[in-house]
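Only one structure is covered here, and it is reproduced in the block below.
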Amino acid sequence: MNPDKTTRTSKFLSLVLRHQPETAHVVLDSAGWVSVEDLLAGCAKANRTISRDDLEHIVATNAKKRFEFSEDGTRIRASQGHSVSVDLQYEAKVPPAVLYHGAAAQFLESIRAEGLQKMKRHDVHLSEDTKMTLEVGARRGRPVLLTILASEMHQAGHSFYLSTNNVWLVDHVPPQFIRFP
């Protein structure tokens, strides 16, 4: 699969598995899973034919590890980032002392006032990796790296969850736990 087609297909899978499953004529279960057979058939119906080999390649090589197969390989889901209602069933974890969030500079005033909000997603996404975090922040303008005092938040009663692709998830980050550059 050439790199351009891989990227286009990965973006389509993100749309289907995170936001609009109906685009590929599938229904996600309560934990975000869909059978691989149903997904491939639905993609074909949507004129986006994907082979099982192509799907496995995308899951294995996606830099952000956005997708995961079930242990038996019969189902697939997005690891996090959903705007549709799912319960990923991750267990609460103790976060490291600090985590990071990439934001566009244009949103700093709002973040200073309200903290980080999940917006249309299920959670705020945080990372231990500053490089990836800045890349995410750059999608909407000049990126700014925010330092999140995760350990302090946790001690104050906030729950943290770690996705299978090592993205830390939290409902909200109040401004007092954010260190701005």
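Order determines the names: the first chain of the structure tokens is A, the second B, and so forth; residues in each chain are numbered 1 upward, and ligands are numbered 1 upward as they are shown.
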
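Residues lying within 9 Å of Val86 (chain A), counting only C-alpha atoms and ignoring same-chain neighbours fewer than 6 positions away, are Leu28, Asp29, Ser30, Ala31, Gly32 and His122 of chain A.
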
### Task
Identify, on the basis of only C-alpha atoms, every residue whose closest approach to Glu68 (chain A) does not exceed 10 Å; exclude the query and any residue fewer than 6 positions from it along the same chain; express the result as a PyMOL selection string.
chain A and resi 33+56+59-60+75-79+164-165

Export of prior selection with C-alpha atoms as a tab-separated table (two decimals), in the first residue's frame:
```tsv
chain	number	residue	atom	x	y	z
A	33	TRP	CA	-15.60	-2.55	18.78
A	56	GLU	CA	-3.42	-5.09	9.33
A	59	VAL	CA	-2.97	-0.99	12.44
A	60	ALA	CA	0.66	-2.13	12.67
A	75	ARG	CA	-12.76	-7.13	16.03
A	76	ILE	CA	-11.21	-3.67	15.70
A	77	ARG	CA	-11.66	-0.30	17.39
A	78	ALA	CA	-10.04	3.09	17.79
A	79	SER	CA	-7.92	3.35	20.94
A	164	THR	CA	-3.61	1.16	24.70
A	165	ASN	CA	-1.66	3.61	22.55
```

### Query
Near Glu152 (chain A), counting only C-alpha atoms, which residues have an atom at most 12 Å away, once you skip same-chain residues fewer than 6 positions from it, shown as an MDAnalysis selection string?
chainID A and resid 94:99 158:160 173:174 176:178

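The space separating CA of Asp87 (chain A) from CA of Glu135 (chain A) comes to 26.8 Å.
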
### Message
Calculated over only C-alpha atoms, which of the candidates A:Ala104, A:Ala41, A:Leu15, A:Leu55 has the smallest distance to Arg142 (chain A)?
### Response
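Among the listed residues, the smallest separation from Arg142 (chain A) belongs to A:Ala104.
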
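When only C-alpha atoms are used to compute distances to Arg18 (chain A), the closest of the residues A:Gly102, A:Pro175, A:Pro181, A:Gly81 turns out to be A:Gly81.
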
### Message
Give me the residues near Ser51 (chain A) as a PyMOL selection string, where near means some atom within 12 Å (using only C-alpha atoms) and where sequence neighbours in that chain fewer than 5 positions away do not count.
### Response
chain A and resi 1+6+9+36-37+39-44+56-58

### Task
Enumerate as a PyMOL selection string all residues of region 17-111 of chain A assigned to strand (DSSP E) by DSSP on the backbone, naming them with the chain letters and numbers the document uses.
chain A and resi 34-35+67-69+75-78+92-93+99-104

### Message
For a quick check of understanding, using only C-alpha atoms, which of A:Ala24, A:Val16, A:Val84, A:Val170 has the smallest distance to Lys120 (chain A)?
### Response
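Checking each candidate against Lys120 (chain A), we get A:Val84 as the closest.
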
### Query
Mind pulling up the distance from CA of Arg139 (chain A) to CA of Asp54 (chain A)?
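Taking CA of Asp54 (chain A) and CA of Arg139 (chain A), their separation equals 26.4 Å.
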
### Separation of CA of Ser83 (chain A) from CA of Lys11 (chain A), in Å and rounded to one decimal
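Between CA of Ser83 (chain A) and CA of Lys11 (chain A) the gap works out to 14.8 Å.
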
### Task
Go through A:Asn62, A:Ser110, A:Ser14, A:Thr147 one by one, measure the shortest atom-to-atom distance of each to His82 (chain A) using only C-alpha atoms, and give the residue with the smallest value.
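Ranked by minimum distance to His82 (chain A), first place goes to A:Ser14.
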